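Chemist: Pasting in a structure now, in structure tokens, and then I'll have a few things to ask.
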Amino acid sequence: FQNELNTPKPDIVGISFRSSSYASAKKICSIIKEAGPGIKILLGGHHATAFPEDTLKDMDADFVVRGEGEYVVAELLEALAGKNNLDRIKSLTYRKNETIISNEPADMIENLDAFLFPAWHLFPIEKYVTGSILTSRGCPFSCIYCDKGVSTSKVRFRSPENIYREIIAFEEKYKKGRIYFVDDYFLLNKKRLLGLFDLLTNNG
């Protein structure tokens, strides 16, 4: 891990964690700041979203992104480059002198098809026996042991065509022969599911 921080030394490191890995995330923050005090640390995930101020008070980090982070992180990077102001970034919690500030929440991202496919080439894909794809966000149920109080019960779906293109792009490059769907409830929308199966079947 120390080698990763020095070859080359990053400007910012993101850490996503749940409550069960809180201690590990806190330790990683300490290691990063020891290796490079100027490295900015961005926290995210279920625990940081639920308790942003408390988390930032307790960990040696600089920012918390609450909820979905794709657009928030992009705006934060622009702010760190002097092209944006922190107080304009929704769903961001950050330090300002001795005060911790939480900006107003951002709207949920409705169009999941707008995202690019994952940067698989940045991972040691050869160590994995399968590919993983997230085709929706949210779950309509309210199990007491789950995180829906943080990640919302509103379900948003990617289109069958968009999912199909990701499967094909992954398989053509890595040829794993299997896909793991990591949705909260992959079978929820039967019409969408059958549409995806038709695309896969009709195209071999």
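Numbering starts fresh at 1 for the residues of each chain in the structure tokens, the chains themselves are lettered A, B, ... in the order given, and ligands are numbered from 1 as they appear.
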Would you give me, as a PyMOL selection string, the residues in stretch 41-194 of chain A that DSSP reads as alpha helix (DSSP H)?

Modeler: chain A and resi 46-50+52-58+70-80+148-151+160-174+190-194

Chemist: Which residues come within 10 Å of stretch 45-55 of chain A, counting only C-alpha atoms, excluding same-chain residues fewer than 5 positions away, as a ChimeraX atom specification?

Modeler: /A:15-22,26,60-61,63-69,91-95,99-102,147-151

Chemist: Considering only C-alpha atoms, state which residue in the set A:Val155, A:Val182, A:Ala79, A:Leu188 is at the smallest distance from A:Leu134.

Modeler: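 Among A:Val155, A:Val182, A:Ala79, A:Leu188, it is A:Val182 that comes nearest to A:Leu134.
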
Chemist: Mind giving me the straight-line distance from atom CA of A:Asp113 to atom CA of A:Asp184 in Å, one decimal?

Modeler: 17.7 Å

Chemist: Smallest atom-to-atom distance to A:Pro124: which of A:Gly36, A:Tyr174, A:Glu70, A:Cys139, using only C-alpha atoms?

Modeler: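 Closest candidate: A:Tyr174.
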
Chemist: Considering only C-alpha atoms, state which residue in the set A:Glu126, A:Glu110, A:Glu104, A:Glu171 is at the smallest distance from A:Arg158.

Modeler: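 Distance minimum relative to A:Arg158 lands on A:Glu110.
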
Chemist: Choose the residue, out of A:Cys143, A:Leu42, A:Thr135, A:Asp62, that has the smallest atom-to-atom separation from A:Glu98; count only C-alpha atoms.

Modeler: A:Asp62

Chemist: Please determine, counting only C-alpha atoms, which residue among A:Phe157, A:Lys83, A:Ala169, A:Arg137 has the shortest atom-to-atom distance to A:Pro118.

Modeler: A:Ala169

Chemist: Counting only C-alpha atoms, figure out which residue out of A:Leu5, A:Ile133, A:Ala81, A:Val13 gets nearest to A:Lys40.

Modeler: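 Looking only at the distances to A:Lys40, the closest residue turns out to be A:Val13.
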
Chemist: Leaving out stretch 189-202 of chain A and any residue of its chain fewer than 2 positions from it, which residues lie within 7 Å of it when counting only C-alpha atoms, given as an MDAnalysis selection string?

Modeler: chainID A and resid 160 164 187 204

Chemist: Write down as a ChimeraX atom specification the residues belonging to chain A that are assigned strand (DSSP E) by DSSP computed on the backbone.

Modeler: /A:12-16,40-44,63-65,92-96,99-102,131-133,136-137,156-157,179-181
